[in-house]
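Raw contents of work_13.txt, compact mmCIF, C-alpha atoms:
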```
# COMPACT_ATOMS: atom_id res chain seq x y z
CA MET A 1 7.10 -25.45 81.59
CA ARG A 2 3.69 -27.14 81.63
CA VAL A 3 1.93 -23.84 81.00
CA LEU A 4 4.30 -23.13 78.12
CA GLY A 5 3.66 -26.64 76.81
CA PHE A 6 -0.10 -26.02 76.95
CA LEU A 7 0.27 -22.82 74.91
CA VAL A 8 2.47 -24.57 72.35
CA GLY A 9 0.00 -27.45 72.11
CA LEU A 10 -2.91 -25.05 71.70
CA ALA A 11 -1.08 -23.25 68.86
CA ILE A 12 -0.40 -26.57 67.11
CA VAL A 13 -4.04 -27.69 67.37
CA VAL A 14 -5.33 -24.34 66.09
CA GLY A 15 -2.83 -24.44 63.21
CA VAL A 16 -3.89 -27.96 62.21
CA ALA A 17 -7.58 -27.03 62.44
CA THR A 18 -6.97 -24.03 60.19
CA SER A 19 -5.05 -26.14 57.67
CA VAL A 20 -7.79 -28.80 57.60
CA PHE A 21 -10.52 -26.18 57.28
CA THR A 22 -8.91 -24.27 54.41
CA THR A 23 -7.93 -27.44 52.53
CA LEU A 24 -11.01 -29.64 52.90
CA VAL A 25 -13.91 -27.34 53.72
CA VAL A 26 -13.52 -23.85 52.26
CA PRO A 27 -14.58 -23.89 48.54
CA ARG A 28 -12.39 -20.93 47.57
CA THR A 29 -8.93 -20.19 46.23
CA THR A 30 -7.12 -21.32 49.36
CA SER A 31 -4.49 -23.95 49.96
CA SER A 32 -2.59 -25.28 52.90
CA ARG A 33 1.00 -24.09 53.24
CA LEU A 34 1.81 -27.55 54.54
CA LEU A 35 0.38 -29.12 51.39
CA ARG A 36 2.28 -26.75 49.07
CA GLY A 37 5.47 -27.37 50.99
CA LEU A 38 5.06 -31.16 50.88
CA ALA A 39 4.33 -31.23 47.17
CA ARG A 40 7.30 -29.04 46.33
CA LEU A 41 9.61 -31.03 48.60
CA LEU A 42 8.52 -34.31 46.99
CA ALA A 43 8.95 -32.78 43.53
CA ARG A 44 12.54 -31.79 44.38
CA VAL A 45 13.27 -35.28 45.68
CA GLY A 46 11.67 -36.72 42.56
CA ARG A 47 13.84 -34.58 40.28
CA THR A 48 16.94 -35.81 42.13
CA ILE A 49 15.86 -39.42 41.57
CA LEU A 50 15.07 -38.77 37.90
CA LYS A 51 18.72 -37.97 37.19
CA ARG A 52 19.54 -41.62 37.87
CA ILE A 53 16.81 -42.99 35.56
CA GLY A 54 17.18 -43.28 31.78
CA SER A 55 13.68 -44.26 30.61
CA TYR A 56 10.97 -41.60 30.50
CA GLU A 57 8.26 -44.18 31.27
CA VAL A 58 10.03 -45.02 34.54
CA LYS A 59 10.49 -41.31 35.28
CA ASP A 60 6.76 -40.80 34.81
CA ARG A 61 5.93 -43.61 37.24
CA VAL A 62 8.16 -41.98 39.84
CA LEU A 63 6.53 -38.58 39.32
CA ALA A 64 3.06 -40.14 39.41
CA ILE A 65 3.37 -40.86 43.12
CA VAL A 66 4.16 -37.24 44.06
CA GLY A 67 0.54 -36.01 44.21
CA PRO A 68 -1.00 -39.03 45.99
CA LEU A 69 1.97 -39.35 48.35
CA ALA A 70 1.78 -35.67 49.28
CA LEU A 71 -1.91 -36.13 50.08
CA VAL A 72 -1.32 -39.22 52.26
CA LEU A 73 1.59 -37.54 54.07
CA LEU A 74 -0.59 -34.48 54.65
CA PHE A 75 -3.26 -36.64 56.30
CA VAL A 76 -0.63 -38.38 58.45
CA LEU A 77 0.99 -35.08 59.47
CA TRP A 78 -2.36 -33.61 60.45
CA LEU A 79 -3.14 -36.52 62.78
CA ALA A 80 0.41 -36.66 64.15
CA ALA A 81 0.34 -32.91 64.84
CA LEU A 82 -2.99 -33.26 66.65
CA VAL A 83 -1.50 -35.97 68.87
CA VAL A 84 1.49 -33.77 69.67
CA GLY A 85 -0.66 -30.68 70.26
CA PHE A 86 -3.15 -32.40 72.52
CA GLY A 87 -0.24 -34.22 74.20
CA PHE A 88 1.31 -30.93 75.30
CA MET A 89 -2.09 -29.75 76.50
CA ALA A 90 -2.67 -33.01 78.41
CA TRP A 91 0.74 -32.61 80.02
CA TRP A 92 -0.61 -29.46 81.69
CA THR A 93 -3.86 -31.09 82.86
CA ASN A 94 -2.14 -34.20 84.32
CA GLU A 95 0.72 -34.46 86.76
CA THR A 96 2.38 -37.11 84.60
CA THR A 97 5.36 -37.33 82.30
CA LEU A 98 5.23 -35.89 78.80
CA ALA A 99 5.40 -39.41 77.34
CA SER A 100 2.31 -40.46 79.31
CA ALA A 101 0.50 -37.31 78.19
CA MET A 102 1.29 -38.13 74.54
CA LYS A 103 -0.10 -41.63 75.12
CA VAL A 104 -3.36 -40.19 76.46
CA ALA A 105 -3.56 -37.79 73.50
CA GLY A 106 -2.99 -40.55 70.95
CA SER A 107 -5.63 -42.74 72.57
CA SER A 108 -8.10 -39.84 72.46
CA VAL A 109 -7.42 -38.57 68.92
CA PHE A 110 -7.80 -42.06 67.44
CA THR A 111 -10.77 -42.80 69.82
CA LEU A 112 -9.08 -45.95 71.17
CA GLY A 113 -9.82 -45.24 74.83
CA PHE A 114 -7.08 -47.42 76.33
CA ALA A 115 -5.36 -44.50 78.11
CA THR A 116 -6.95 -41.70 80.11
CA GLY A 117 -6.08 -39.07 82.70
CA SER A 118 -7.24 -38.90 86.30
CA TYR A 119 -8.43 -35.28 86.53
CA ALA A 120 -11.69 -33.64 85.49
CA GLN A 121 -10.01 -31.14 83.19
CA SER A 122 -8.19 -34.03 81.53
CA GLU A 123 -11.51 -35.74 80.72
CA VAL A 124 -12.79 -32.57 79.03
CA LEU A 125 -9.62 -32.35 76.95
CA GLU A 126 -9.92 -36.02 75.97
CA PHE A 127 -13.48 -35.48 74.74
CA VAL A 128 -12.33 -32.50 72.66
CA ALA A 129 -9.38 -34.47 71.26
CA ALA A 130 -11.59 -37.45 70.37
CA GLY A 131 -14.14 -35.23 68.63
CA THR A 132 -11.44 -33.38 66.72
CA GLY A 133 -9.69 -36.55 65.62
CA LEU A 134 -12.95 -38.16 64.51
CA LEU A 135 -13.95 -35.05 62.56
CA VAL A 136 -10.60 -34.81 60.77
CA ILE A 137 -10.63 -38.50 59.80
CA ALA A 138 -14.22 -38.20 58.53
CA LEU A 139 -13.32 -35.15 56.43
CA GLU A 140 -10.31 -36.97 54.98
CA ILE A 141 -12.46 -39.96 54.00
CA ALA A 142 -15.08 -37.70 52.41
CA TYR A 143 -12.34 -35.73 50.62
CA LEU A 144 -11.10 -38.62 48.49
CA PRO A 145 -14.29 -39.29 46.42
CA ALA A 146 -14.60 -35.59 45.58
CA LEU A 147 -10.93 -35.52 44.61
CA TYR A 148 -11.09 -38.50 42.28
CA SER A 149 -14.38 -37.36 40.77
CA SER A 150 -12.73 -34.08 39.74
CA PHE A 151 -9.69 -36.00 38.46
CA SER A 152 -11.86 -38.31 36.33
CA THR A 153 -13.78 -35.38 34.83
CA ARG A 154 -10.55 -33.62 33.97
CA GLU A 155 -8.90 -36.63 32.38
CA THR A 156 -11.90 -37.56 30.21
CA ALA A 157 -11.48 -34.37 28.19
CA VAL A 158 -7.69 -34.77 28.08
CA THR A 159 -8.05 -38.32 26.70
CA MET A 160 -10.59 -37.23 24.08
CA LEU A 161 -8.24 -34.47 22.91
CA ALA A 162 -5.45 -36.94 22.11
CA SER A 163 -6.85 -37.83 18.67
CA ARG A 164 -7.22 -34.13 17.82
CA ALA A 165 -4.02 -32.69 19.30
CA GLY A 166 -1.53 -35.55 19.05
CA VAL A 167 0.50 -37.14 21.81
CA PRO A 168 2.09 -35.11 23.32
CA ALA A 169 -0.51 -32.39 22.67
CA TRP A 170 0.53 -29.49 20.44
CA GLY A 171 -1.43 -26.42 19.39
CA PRO A 172 -0.55 -26.41 15.65
CA GLU A 173 -1.43 -30.09 15.46
CA ILE A 174 -5.03 -29.32 16.50
CA LEU A 175 -5.46 -26.96 13.53
CA ALA A 176 -3.57 -29.29 11.18
CA ARG A 177 -5.65 -32.36 11.99
CA HIS A 178 -8.98 -30.57 11.83
CA HIS A 179 -8.04 -29.17 8.42
CA TRP A 180 -6.66 -32.49 7.22
CA PHE A 181 -9.68 -34.49 8.43
CA ARG A 182 -12.03 -31.84 6.97
CA THR A 183 -13.58 -31.20 10.41
CA THR A 184 -12.73 -27.51 10.75
CA ASP A 185 -16.40 -26.73 11.43
CA GLU A 186 -16.04 -28.67 14.71
CA LEU A 187 -13.45 -26.26 16.11
CA PRO A 188 -16.00 -23.78 17.58
CA GLY A 189 -17.62 -26.57 19.59
CA LEU A 190 -14.20 -27.80 20.74
CA TYR A 191 -13.26 -24.32 21.94
CA ALA A 192 -16.57 -24.03 23.78
CA ARG A 193 -16.07 -27.39 25.54
CA TRP A 194 -12.59 -26.39 26.65
CA GLU A 195 -13.84 -23.07 27.93
CA GLU A 196 -16.20 -25.07 30.17
CA TRP A 197 -13.36 -27.47 31.05
CA SER A 198 -11.20 -24.50 32.08
CA ALA A 199 -13.94 -23.22 34.37
CA ASN A 200 -14.32 -26.66 35.99
CA VAL A 201 -10.57 -27.03 36.51
CA ALA A 202 -10.29 -23.52 37.95
CA GLU A 203 -13.02 -24.36 40.47
CA SER A 204 -11.84 -27.85 41.43
CA HIS A 205 -8.06 -27.35 41.36
CA THR A 206 -8.11 -24.19 43.45
CA SER A 207 -10.29 -25.93 46.02
CA TYR A 208 -8.16 -29.10 45.83
CA PRO A 209 -4.64 -28.00 44.72
CA THR A 210 -3.32 -31.54 45.14
CA LEU A 211 -5.01 -32.39 41.84
CA MET A 212 -2.39 -30.40 39.95
CA TRP A 213 0.19 -33.06 40.84
CA PHE A 214 -2.06 -35.98 39.83
CA ARG A 215 -0.69 -37.20 36.49
CA SER A 216 -2.63 -38.70 33.58
CA PRO A 217 -2.83 -42.51 33.33
CA VAL A 218 -0.92 -42.33 30.00
CA SER A 219 2.65 -41.11 30.48
CA THR A 220 2.67 -38.79 27.44
CA ARG A 221 -0.58 -36.98 28.30
CA SER A 222 -1.08 -34.13 30.75
CA TRP A 223 -3.83 -31.72 31.71
CA LEU A 224 -1.36 -28.84 31.50
CA LEU A 225 -0.19 -29.84 28.01
CA ALA A 226 -3.79 -30.19 26.84
CA LEU A 227 -4.75 -26.75 28.12
CA LEU A 228 -1.62 -25.18 26.60
CA ALA A 229 -2.33 -26.88 23.26
CA MET A 230 -5.86 -25.50 23.17
CA LEU A 231 -4.69 -22.00 24.08
CA ASP A 232 -1.94 -22.11 21.45
CA ALA A 233 -4.34 -23.43 18.81
CA ALA A 234 -6.80 -20.61 19.45
CA ALA A 235 -4.03 -17.99 19.50
CA LEU A 236 -2.43 -19.38 16.35
CA GLN A 237 -5.70 -19.52 14.43
CA ASP A 238 -6.59 -15.95 15.37
CA SER A 239 -3.09 -14.76 14.48
CA LEU A 240 -3.01 -16.44 11.07
CA ASN A 241 -6.67 -16.07 10.07
CA PRO A 242 -8.32 -13.25 12.05
CA GLY A 243 -11.12 -12.93 9.49
CA THR A 244 -12.38 -16.51 9.82
CA THR A 245 -11.47 -17.37 13.43
CA PRO A 246 -14.64 -18.29 15.39
CA ARG A 247 -15.54 -16.11 18.36
CA GLN A 248 -15.35 -19.20 20.61
CA ALA A 249 -11.56 -19.23 20.10
CA ARG A 250 -11.15 -15.79 21.64
CA VAL A 251 -13.55 -16.62 24.49
CA MET A 252 -11.63 -19.83 25.16
CA LEU A 253 -8.37 -17.85 25.27
CA ALA A 254 -9.87 -15.64 27.96
CA GLY A 255 -11.32 -18.57 29.91
CA GLY A 256 -8.15 -20.65 29.72
CA THR A 257 -6.00 -17.72 30.83
CA ASP A 258 -8.36 -17.05 33.75
CA CYS A 259 -8.05 -20.73 34.73
CA LEU A 260 -4.25 -20.54 34.80
CA ARG A 261 -4.35 -17.32 36.80
CA ALA A 262 -6.68 -18.91 39.35
CA LEU A 263 -4.23 -21.81 39.74
CA ALA A 264 -1.36 -19.34 40.06
CA ARG A 265 -3.14 -17.51 42.87
CA ALA A 266 -3.77 -20.81 44.66
CA LEU A 267 -0.06 -21.66 44.52
CA ARG A 268 1.12 -18.10 45.23
CA ILE A 269 2.72 -17.77 41.77
CA ARG A 270 3.38 -14.16 40.82
CA PHE A 271 2.25 -13.02 37.37
CA GLU A 272 1.61 -9.81 35.49
CA PRO A 273 -2.20 -9.33 35.33
CA ASP A 274 -2.03 -6.96 32.35
CA PRO A 275 1.15 -7.65 30.32
CA ARG A 276 2.13 -5.49 27.36
CA PRO A 277 1.71 -7.42 24.08
CA VAL A 278 5.05 -6.15 22.76
CA ASP A 279 7.20 -7.28 25.70
CA GLY A 280 8.15 -10.57 24.04
CA ILE A 281 7.82 -14.24 25.07
CA ARG A 282 10.10 -17.21 25.74
CA LEU A 283 8.98 -19.07 22.59
CA THR A 284 11.26 -18.19 19.70
CA PHE A 285 10.23 -17.26 16.17
CA GLU A 286 12.06 -20.36 14.91
CA GLU A 287 9.89 -22.58 17.12
CA PHE A 288 6.82 -20.70 15.92
CA GLN A 289 7.84 -21.33 12.32
CA ARG A 290 7.94 -25.10 12.99
CA GLY A 291 4.27 -24.90 13.90
CA VAL A 292 3.49 -22.88 10.76
CA HIS A 293 5.47 -25.42 8.71
CA ARG A 294 3.26 -28.19 10.10
CA LEU A 295 0.18 -26.29 8.91
CA LYS A 296 1.67 -25.65 5.47
CA ALA A 297 2.42 -29.36 5.14
CA VAL A 298 -1.31 -30.15 5.17
CA GLY A 299 -2.32 -27.23 2.96
CA TYR A 300 -3.73 -24.99 5.69
CA ALA A 301 -4.79 -21.62 4.21
CA MET A 302 -3.38 -18.50 5.89
CA GLU A 303 -4.44 -14.86 5.62
CA ARG A 304 -1.21 -13.56 7.14
CA SER A 305 2.43 -14.39 6.64
CA PRO A 306 4.32 -16.02 9.54
CA GLU A 307 6.10 -12.71 10.23
CA GLU A 308 2.81 -10.81 10.46
CA ALA A 309 1.13 -13.50 12.55
CA TRP A 310 4.09 -13.73 14.96
CA ARG A 311 3.45 -10.27 16.43
CA ASN A 312 -0.18 -11.08 17.15
CA PHE A 313 0.63 -14.56 18.47
CA GLN A 314 3.07 -13.06 20.96
CA GLY A 315 0.34 -10.69 22.13
CA TRP A 316 -1.89 -13.64 22.96
CA ARG A 317 0.70 -15.98 24.45
CA ILE A 318 2.27 -13.43 26.78
CA ASN A 319 -0.92 -13.63 28.86
CA TYR A 320 -0.39 -17.27 29.87
CA GLU A 321 3.14 -18.40 28.97
CA HIS A 322 4.82 -17.38 32.26
CA ILE A 323 2.27 -19.22 34.41
CA VAL A 324 2.57 -22.33 32.23
CA ASP A 325 6.37 -22.23 32.58
CA VAL A 326 6.21 -22.03 36.39
CA LEU A 327 3.62 -24.83 36.54
CA THR A 328 5.86 -26.87 34.24
CA GLU A 329 8.67 -26.66 36.79
CA LEU A 330 6.28 -27.60 39.61
CA VAL A 331 4.17 -30.45 38.18
CA MET A 332 6.72 -31.73 35.60
CA PRO A 333 4.47 -32.63 32.63
CA PRO A 334 5.94 -34.77 29.81
CA PRO A 335 8.23 -33.05 27.30
CA ALA A 336 6.32 -31.46 24.42
CA PRO A 337 6.77 -28.91 21.63
CA TRP A 338 6.56 -25.25 22.64
CA LEU A 339 6.87 -26.21 26.31
CA LEU A 340 9.69 -25.17 28.62
CA PRO A 341 12.53 -27.62 27.80
CA ARG A 342 13.69 -29.95 30.56
CA PRO A 343 16.51 -32.13 29.18
CA GLY A 344 16.46 -34.46 32.17
CA LEU A 345 13.04 -35.80 31.16
CA GLY A 346 13.76 -36.62 27.53
CA ALA A 347 13.58 -35.35 23.98
CA VAL A 348 10.52 -33.91 22.22
CA SER A 349 8.95 -35.52 19.14
CA TRP A 350 6.46 -33.64 16.98
CA PRO A 351 3.12 -35.53 16.78
CA VAL A 352 2.10 -36.63 13.25
CA VAL A 353 -0.62 -38.69 11.60
CA VAL A 354 0.10 -41.05 8.72
CA ASP A 355 -2.80 -41.51 6.29
CA ARG A 356 -2.50 -45.20 5.40
CA THR A 357 -4.98 -46.49 2.81
CA PRO A 358 -5.32 -49.79 0.90
CA ASP A 359 -4.07 -47.98 -2.22
CA ASP A 360 -1.19 -46.27 -0.41
CA PRO A 361 -0.22 -48.34 2.67
CA GLU A 362 3.23 -46.72 2.99
CA PRO A 363 3.09 -43.01 2.01
CA ALA A 364 6.47 -41.46 1.36
CA LYS A 365 8.01 -39.61 4.26
CA GLY A 366 7.68 -35.86 3.83
CA SER A 367 4.64 -36.09 1.55
CA LYS A 368 1.34 -34.38 2.29
CA ASP A 369 -0.06 -37.66 3.64
CA ASN A 370 3.00 -38.18 5.81
CA PRO A 371 4.55 -34.86 6.86
CA GLU A 372 8.09 -35.31 8.06
CA THR A 373 8.34 -35.34 11.82
CA GLU A 374 10.92 -33.25 13.59
CA GLU A 375 12.64 -33.92 16.88
CA VAL A 376 14.42 -31.63 19.31
CA PRO A 377 17.54 -33.52 20.44
CA ASP A 378 18.11 -34.04 24.13
CA PRO A 379 21.51 -32.70 25.28
CA LYS A 380 21.85 -35.68 27.61
CA GLY A 381 21.08 -38.20 24.91
CA ILE A 382 17.93 -39.64 26.54
CA LYS A 383 15.61 -41.41 24.12
CA GLY A 384 12.70 -39.30 22.86
CA LEU A 385 9.03 -39.85 23.50
CA PRO A 386 6.92 -42.15 21.31
CA VAL A 387 4.67 -40.37 18.84
```

Can you turn what I pasted into structure tokens?
Amino acid sequence: MRVLGFLVGLAIVVGVATSVFTTLVVPRTTSSRLLRGLARLLARVGRTILKRIGSYEVKDRVLAIVGPLALVLLFVLWLAALVVGFGFMAWWTNETTLASAMKVAGSSVFTLGFATGSYAQSEVLEFVAAGTGLLVIALEIAYLPALYSSFSTRETAVTMLASRAGVPAWGPEILARHHWFRTTDELPGLYARWEEWSANVAESHTSYPTLMWFRSPVSTRSWLLALLAMLDAAALQDSLNPGTTPRQARVMLAGGTDCLRALARALRIRFEPDPRPVDGIRLTFEEFQRGVHRLKAVGYAMERSPEEAWRNFQGWRINYEHIVDVLTELVMPPPAPWLLPRPGLGAVSWPVVVDRTPDDPEPAKGSKDNPETEEVPDPKGIKGLPV
């Protein structure tokens, strides 16, 4: 039994070491199964709790603890597993009870030194356990600054996009506001910045997958919504106006899609690497027309009709829509137009801007300066999001 316990303990220690190494050290598209399992388990528990909550702001606060809590639980489970693993190994090196062996292992892993064995082989094991525990704790401490640095970099761009894409972010709104504010010439630079942002997120979030569950400080913003809005804006512009669309839009579409595919590989999400553009998408033509209607409301010029543009828009969106839908179920971003509907979170309001001036402080609803907002009703009657 003691020999079997030693082998079990050795397997546990090796498994923990592998999990720590792939999660905290290896800068590649790897992730701990334990981490993925924890995050998904907490997300399921969170969804169960959400059914009992009526306010979206409270729902968001509940979901906001999923990522950090999964990380803390992962750290605790690593250390607890090391204690158990080294405890089984110490049980073989000492002629003591299993409880005493666990006590020696805990004292060694946390470098407390209040309990020790009485055999030479036990002293060697205690040194190994102390070194392993110290190394894991040091890596965990060093992991947090890198994690929050990547989070801060990600959220800076998401916050800056709010004035350009609305809250919640929406692809057609990006084109509408740039046309309305007469800043269309800034779109190429915006696409270029989000191509770089996509590369940074692909690198950081595949190395640190926990970041995908870290929510924005503002409840109606999300990194996933922001990326989807930029991809949809680029695809919509190229579909409606292929002759004047800047090349940066197409490059951003490729970079953003590559980012989503990198995240999918990190989370073991299956996707079609080369989908056929005519296979169709989840987004309906009626939803697409709402976006076109928003552009028409601000006088946006179009080379193609909505029917002609729809075929080309589907060809772009089919490359990233499925991955976005799966990530939506996993990380639960706020409700937004053109996103996978989740009635339990709330209704969707279309983002609008009202041009109030001293001469016209209250523009009429539905006018060019105040396009009428639309709202998708929530089947469960939960109040919609603020615009």

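The gap separating CA of Ile269 in chain A from CA of Ile65 in chain A is 23.1 Å, in Å to one decimal.
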
Enclose range 123-142 of chain A, meaning all of its atoms listed in the file, in a box aligned along x, y and z, pad it by 6 Å on each side, and list the centre and edge lengths in Å to one decimal, as lines of an AutoDock Vina configuration file.
```
center_x = -12.2
center_y = -36.2
center_z = 66.6
size_x = 17.7
size_y = 19.6
size_z = 40.3
```

Residue neighbourhood Thr23 in chain A, 12 Å, only C-alpha atoms, exclusion window fewer than 2 positions, as a PyMOL selection string: chain A and resi 16-21+25-36+71+74-75+78+136+139-140+143+147+204-210+266

Nearest to Val8 in chain A, chosen from A:Ala90, A:Arg61, A:Leu231, A:Leu190, with all atoms listed in the file counted in the distances: A:Ala90

Interatomic distance, CA of Ala162 in chain A to CA of Ala347 in chain A (Å, one decimal):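 Here the two named atoms are 19.2 Å from each other.
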
Find the residues of range 172-227 of chain A that sit at most 10 Å from range 312-328 of chain A; for each, write down the nearest two atoms and how far apart they are in Å, to one decimal. Count only C-alpha atoms. Sort by chain, then by number going up, and give it as a tab-separated table.
```
residue	atom	partner	partner_atom	distance
A:Met212	CA	A:Leu327	CA	8.9
A:Trp213	CA	A:Leu327	CA	9.9
A:Leu224	CA	A:Val324	CA	7.6
A:Leu225	CA	A:Val324	CA	9.0
A:Leu227	CA	A:Val324	CA	9.5
```

Residue nearest Val298 in chain A among A:Trp170, A:Phe181, A:Trp223, A:Phe110 (counting all atoms listed in the file):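 Nearest to Val298 in chain A: A:Phe181.
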
Residue neighbourhood Gly46 in chain A, 8 Å, only C-alpha atoms, exclusion window fewer than 2 positions, as a ChimeraX atom specification: /A:42-44,48-50,62-63,66

Among the residues A:Gly9, A:Gly106, A:Gly54, A:Pro145, the one that comes closest to Trp92 in chain A [using only C-alpha atoms]: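 Smallest separation from Trp92 in chain A among the options: A:Gly9.
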
Interatomic distance, CA of Ala157 in chain A to CA of Val331 in chain A (Å, one decimal):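 It comes out at 19.0 Å.
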
Residues near Lys59 in chain A, anyone? I mean within 10 Å using all atoms listed in the file, not counting same-chain ones fewer than 6 positions away, as an mmCIF file with C-alpha atoms, in the frame of the given file.
```cif
data_model
loop_
_atom_site.group_PDB
_atom_site.id
_atom_site.type_symbol
_atom_site.label_atom_id
_atom_site.label_comp_id
_atom_site.auth_asym_id
_atom_site.auth_seq_id
_atom_site.Cartn_x
_atom_site.Cartn_y
_atom_site.Cartn_z
ATOM 1 C CA GLY A 46 11.670 -36.720 42.560
ATOM 2 C CA ARG A 47 13.840 -34.580 40.280
ATOM 3 C CA ILE A 49 15.860 -39.420 41.570
ATOM 4 C CA LEU A 50 15.070 -38.770 37.900
ATOM 5 C CA LYS A 51 18.720 -37.970 37.190
ATOM 6 C CA ARG A 52 19.540 -41.620 37.870
ATOM 7 C CA ILE A 53 16.810 -42.990 35.560
ATOM 8 C CA SER A 219 2.650 -41.110 30.480
ATOM 9 C CA PRO A 334 5.940 -34.770 29.810
ATOM 10 C CA GLY A 344 16.460 -34.460 32.170
ATOM 11 C CA LEU A 345 13.040 -35.800 31.160
ATOM 12 C CA GLY A 346 13.760 -36.620 27.530
#
```

10 Å contact set for Thr220 in chain A, all atoms listed in the file, chain neighbours under 4 positions out, as a PyMOL selection string: chain A and resi 56-57+60+162+166-169+215-216+225+333-336+385-387

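The nearest approach to Leu82 in chain A among the residues A:Gly131, A:Ala70, A:Ser100, A:Asp274, with only C-alpha atoms taken into account, belongs to A:Gly131.
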
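Using only C-alpha atoms for every distance, the candidate list A:Ala165, A:Gly243, A:Ala199, A:Ala64 yields A:Ala64 as the residue closest to Met332 in chain A.
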
Give me, as JSON lines, each residue of range 206-246 of chain A that comes within 10 Å of range 302-310 of chain A, together with its shortest interatomic pair and the distance in Å at one decimal, counting only C-alpha atoms, with rows ordered by chain and rising residue number.
```
{"residue": "A:Ala235", "atom": "CA", "partner": "A:Ala309", "partner_atom": "CA", "distance": 9.8}
{"residue": "A:Leu236", "atom": "CA", "partner": "A:Ala309", "partner_atom": "CA", "distance": 7.9}
{"residue": "A:Gln237", "atom": "CA", "partner": "A:Met302", "partner_atom": "CA", "distance": 8.9}
{"residue": "A:Asp238", "atom": "CA", "partner": "A:Ala309", "partner_atom": "CA", "distance": 8.6}
{"residue": "A:Ser239", "atom": "CA", "partner": "A:Ala309", "partner_atom": "CA", "distance": 4.8}
{"residue": "A:Leu240", "atom": "CA", "partner": "A:Arg304", "partner_atom": "CA", "distance": 5.2}
{"residue": "A:Asn241", "atom": "CA", "partner": "A:Glu303", "partner_atom": "CA", "distance": 5.1}
{"residue": "A:Pro242", "atom": "CA", "partner": "A:Glu303", "partner_atom": "CA", "distance": 7.7}
{"residue": "A:Gly243", "atom": "CA", "partner": "A:Glu303", "partner_atom": "CA", "distance": 8.0}
{"residue": "A:Thr244", "atom": "CA", "partner": "A:Glu303", "partner_atom": "CA", "distance": 9.1}
```

Option closest in space to Leu10 in chain A, from A:Trp180, A:Tyr191, A:Trp91, A:Phe214 [counting only C-alpha atoms]: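 With only C-alpha atoms as the atom set, the closest residue is A:Trp91.
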